[in-house]
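One structure is given below, encoded as structure tokens.
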Amino acid sequence: MSDFDLAAFSRAVADRAEAAAAHTASITLNHRHFASAFHWRDGLYVAAEELVDPDAEIETVLPSGDSVKTEIVGRDPSTGIVLLKPAGAAAIAPLDRAAPVRAGSFALAVGRNGAAPLAALVSVNEAGPSWRSMRGGQIDRRLGLSGGLDGRFEGAAALDAEGALIGMVLFGPRRRALVIPAETIDRVAPVLAAKGRVGRGYLGAGLHPVRDNTVKGAIVMRLDDGGPAKAAGLHLGDIITAWDGDAIEGPRDIIRRLGAESVGTTVALSLLRGGATQQANVTVGERPAA
């Protein structure tokens with residue numbers, strides 16, 4: 001007979017969830033739907049950036065059950081992180097940070113639906129190296145979760161078996177549950193707290209994909225006055241085919257290269273202009289604040 005005690009295991013999971021719930025909050029979306037958030041530090045909470053309308057009035061239900069007005073401190077679409085300051089939120093001790101997890105490790109997603117805590121026991125189904133988001137954000141580890149988490153868990157804390165923070169739950173393409181690692185949050189959130197935004201690279205060019213039998217790249221459809229691309233001599237109709245020697249198949253390849261670390265660097269762009277090959281050296285600027 002197995003000596004595994006299912007009841008004891010169940011109690012242990014529930015105890016972990018209850019302890020973590022004290023760090024979670026719920027944000028109201030369109031006065032009807034809820035998503036999760038959790039305390040980062042100093043009374044500030046992190047949540048899923050894509051869910052938070054910058055022009056909407058935000059309310060947060062705190063662990064105490066109080067519903068309070070909430071200020072957006074900063075947001076970074078490239079990593080999916082928004083930093084929130086609920087009125088009167090206490091600065092509680094942050095969650096411990098987890099050691100690196102492996103595929104197959106148990107994970108506990110803990111969030112909040114209004115005043116009610118949420119918890120789901122899932123597993124890490126992918127644990128890989130760093131990657132860059134479609135908007136150019138550097139994500140420190142590629143982490144995926146199994147299990148049928150619903151939309152209320154977006155922005156929830158993903159914990160390891162010790163109750164330490166792995167990262168924040170987001171939903172990617174086809175509603176796959178992903179985790180933005182705690183390392184990424186702890187790198188981005190201080191910048192948001194100080195500046196409200198993370199600087200992104202900027203070429204000052206409107207681009208459109210070009211794909212035919214002979215050419216793949218990004219065609220320049222607009223040039224901003226005073227922008228880096230125009231200053232480097234790019235023309236309307238130029239087709240960007242390579243970035244520092246790496247082939248470009250469309251605008252998305254360029255966007256992914258315009259992360260925070262690209263600002264101030266000089267890159268060699270290979271161009272097709274009127275059928276002839278050209279090269280332009282462009283110094284990447286910082287995207288102006290919207």
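Within each chain, counting starts at residue 1; across the structure tokens, chains are named A, B, ... in the order shown, with ligands numbered 1 upward in that order.
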Next item on the list: Excluding Ile58 (chain A) and any residue of its chain fewer than 4 positions from it, enumerate the residues within 8 Å of it, using only C-alpha atoms, and give them as a list of chain:residue names.
Entry: A:Ile27, A:Thr28, A:Leu29, A:Lys69, A:Thr70, A:Glu71
What would the file look like if the residues just selected were written as a PDB file, in the first residue's frame with N, CA and C atoms?
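Below is the file that was written, out.pdb:
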ATOM      1  N   ILE A  27      -8.540  43.320  -9.667  1.00  0.00           N
ATOM      2  CA  ILE A  27      -8.831  44.582 -10.350  1.00  0.00           C
ATOM      3  C   ILE A  27     -10.115  44.416 -11.157  1.00  0.00           C
ATOM      4  N   THR A  28     -10.910  45.475 -11.164  1.00  0.00           N
ATOM      5  CA  THR A  28     -12.203  45.457 -11.845  1.00  0.00           C
ATOM      6  C   THR A  28     -12.017  45.891 -13.284  1.00  0.00           C
ATOM      7  N   LEU A  29     -12.557  45.104 -14.210  1.00  0.00           N
ATOM      8  CA  LEU A  29     -12.500  45.418 -15.632  1.00  0.00           C
ATOM      9  C   LEU A  29     -13.914  45.680 -16.133  1.00  0.00           C
ATOM     10  N   LYS A  69      -9.832  53.100  -5.073  1.00  0.00           N
ATOM     11  CA  LYS A  69      -9.385  53.680  -6.329  1.00  0.00           C
ATOM     12  C   LYS A  69      -7.897  53.380  -6.522  1.00  0.00           C
ATOM     13  N   THR A  70      -7.505  53.278  -7.776  1.00  0.00           N
ATOM     14  CA  THR A  70      -6.153  52.805  -8.071  1.00  0.00           C
ATOM     15  C   THR A  70      -5.521  53.645  -9.164  1.00  0.00           C
ATOM     16  N   GLU A  71      -4.258  53.983  -8.946  1.00  0.00           N
ATOM     17  CA  GLU A  71      -3.476  54.772  -9.900  1.00  0.00           C
ATOM     18  C   GLU A  71      -2.545  53.854 -10.688  1.00  0.00           C
TER      19      GLU A  71
END
Next item on the list: Tell me, as a list of chain:residue names, which residues lie within 10 Å of region 222-234 of chain A, counting only C-alpha atoms; anything in the same chain fewer than 3 positions away does not count.
Entry: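 Result of the neighbour search: A:Tyr202, A:Leu203, A:Gly204, A:Ala205, A:Gly206, A:Leu207, A:His208, A:Ile219, A:Gly237, A:Asp238, A:Ile239, A:Ile240, A:Leu269, A:Leu271, A:Arg273, A:Gln278, A:Gln279, A:Ala280, A:Asn281, A:Val282, A:Thr283, A:Val284, A:Gly285, A:Glu286, A:Arg287.
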Note to self: Quick one: residues within 6 Å of Leu159 (chain A), only C-alpha atoms, excluding same-chain residues fewer than 3 positions away - as a ChimeraX atom specification?
What the structure shows: /A:107-108,163-166
Item checked: Who sits within 9 Å of Arg141 (chain A), only C-alpha atoms, same chain under 5 positions skipped, as a list of chain:residue names -> A:Ala127, A:Gly128, A:Pro129, A:Ser130, A:Trp131, A:Val179, A:Ile180, A:Pro181, A:Glu183, A:Thr184
Checklist line | Distance of CA of Glu154 (chain A) from CA of His23 (chain A), expressed in Å to one decimal place | finding: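 Rounded to one decimal, the two atoms are 15.1 Å apart.
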Checklist line | Test item, strand (DSSP E) assignment across region 40-285 of chain A, answer as a ChimeraX atom specification | finding: /A:40-41,44-48,58-61,67-76,81-86,106-113,116-128,131-132,138-139,142-145,157-159,165-171,177-181,201-202,205-211,216-223,239-243,246-247,266-273,276-283,285
Note to self: Which residues are near Val61 (chain A)? Cut-off 12 Å, only C-alpha atoms, ignore same chain within fewer than 6 positions. Put them as a count of residues only.
What the structure shows: 30
Pro54 (chain A): which residues within 12 Å, counting only C-alpha atoms, same-chain residues fewer than 3 positions away excluded, as a CSV table (one decimal) with C-alpha atoms, in the first residue's frame?
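What landed in selection_30.csv:
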chain,number,residue,atom,x,y,z
A,29,LEU,CA,-12.5,45.4,-15.6
A,49,GLU,CA,-0.8,45.3,-18.7
A,50,GLU,CA,-3.0,44.3,-21.7
A,51,LEU,CA,-6.1,44.2,-19.4
A,57,GLU,CA,-11.2,54.3,-13.7
A,58,ILE,CA,-9.6,51.4,-11.9
A,70,THR,CA,-6.2,52.8,-8.1
A,71,GLU,CA,-3.5,54.8,-9.9
A,72,ILE,CA,-1.4,53.4,-12.8
A,73,VAL,CA,2.2,54.1,-11.8
A,74,GLY,CA,3.7,52.7,-15.0
A,75,ARG,CA,3.2,50.2,-17.8
A,76,ASP,CA,5.4,48.3,-20.2
A,77,PRO,CA,3.5,46.6,-23.1
A,82,VAL,CA,1.6,47.2,-15.3
A,83,LEU,CA,2.4,48.7,-11.9
A,84,LEU,CA,-0.5,49.8,-9.8
A,290,ALA,CA,2.9,58.6,-26.2
Next item on the list: For CA of Ala19 (chain A) and CA of Ser123 (chain A), quote the distance in Å rounded to one decimal.
Entry: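 Distance between the two atoms: 19.5 Å.
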Next item on the list: Within 12 Å of Ala182 (chain A), counting only C-alpha atoms, which residues show up once you throw out same-chain ones fewer than 2 positions away? Write them as JSON, numbers by chain, please.
Entry: {"A": [38, 40, 46, 79, 81, 94, 95, 96, 97, 98, 99, 100, 101, 139, 140, 141, 142, 143, 157, 158, 159, 160, 164, 165, 166, 167, 168, 169, 179, 180, 184, 185, 186, 187, 188, 189]}
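The smallest atom-to-atom distance between Leu149 (chain A) and any of A:Ala109, A:Gly259, A:Thr241, A:Arg174, using only C-alpha atoms, is found for A:Ala109.
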Item checked: Between CA of Gly144 (chain A) and CA of Glu126 (chain A), distance in Å (one decimal) ->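 Answer for the CA of Gly144 (chain A) to CA of Glu126 (chain A) separation: 4.8 Å.
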Margin query: DSSP on the backbone, helix (DSSP H, G or I) only: what residues of region 38-248 of chain A does that give? Format it as a ChimeraX atom specification.
Written below: /A:49-51,151-153,173-175,182-195,228-231
Store the residues picked out above in a file with C-alpha atoms, as an mmCIF file, in the first residue's frame.
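So out.cif came out as:
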data_model
loop_
_atom_site.group_PDB
_atom_site.id
_atom_site.type_symbol
_atom_site.label_atom_id
_atom_site.label_comp_id
_atom_site.auth_asym_id
_atom_site.auth_seq_id
_atom_site.Cartn_x
_atom_site.Cartn_y
_atom_site.Cartn_z
ATOM 1 C CA GLU A 49 -0.760 45.308 -18.739
ATOM 2 C CA GLU A 50 -2.977 44.340 -21.666
ATOM 3 C CA LEU A 51 -6.068 44.237 -19.439
ATOM 4 C CA GLY A 151 -9.350 34.721 -17.335
ATOM 5 C CA ARG A 152 -9.681 35.622 -13.664
ATOM 6 C CA PHE A 153 -6.187 34.208 -13.127
ATOM 7 C CA PRO A 173 -1.656 32.995 -28.264
ATOM 8 C CA ARG A 174 -4.520 30.491 -28.180
ATOM 9 C CA ARG A 175 -4.990 31.326 -24.485
ATOM 10 C CA ALA A 182 9.907 37.184 -11.196
ATOM 11 C CA GLU A 183 13.353 38.184 -12.537
ATOM 12 C CA THR A 184 11.709 40.122 -15.346
ATOM 13 C CA ILE A 185 9.238 41.786 -12.959
ATOM 14 C CA ASP A 186 12.027 42.771 -10.560
ATOM 15 C CA ARG A 187 14.002 44.277 -13.452
ATOM 16 C CA VAL A 188 11.113 46.188 -15.032
ATOM 17 C CA ALA A 189 9.011 47.281 -12.035
ATOM 18 C CA PRO A 190 11.673 49.579 -10.481
ATOM 19 C CA VAL A 191 11.962 51.404 -13.810
ATOM 20 C CA LEU A 192 8.175 51.787 -13.959
ATOM 21 C CA ALA A 193 8.114 53.048 -10.370
ATOM 22 C CA ALA A 194 10.767 55.661 -11.165
ATOM 23 C CA LYS A 195 9.848 56.688 -14.726
ATOM 24 C CA PRO A 228 16.862 58.171 -36.770
ATOM 25 C CA ALA A 229 15.893 56.489 -40.046
ATOM 26 C CA LYS A 230 15.472 59.771 -41.907
ATOM 27 C CA ALA A 231 18.686 61.140 -40.396
#
Note to self: With distances taken over only C-alpha atoms, which residue among A:Asn125, A:Gln138, A:Ser133, A:Ser10 lies nearest Gly172 (chain A)?
What the structure shows: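 So, comparing all the options, the nearest one is A:Ser133.
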Next item on the list: Can you work out which one of A:Ala90, A:Val110, A:Leu272, A:Ala20 has the shortest atom-to-atom distance to Gly155 (chain A), counting only C-alpha atoms?
Entry: A:Val110
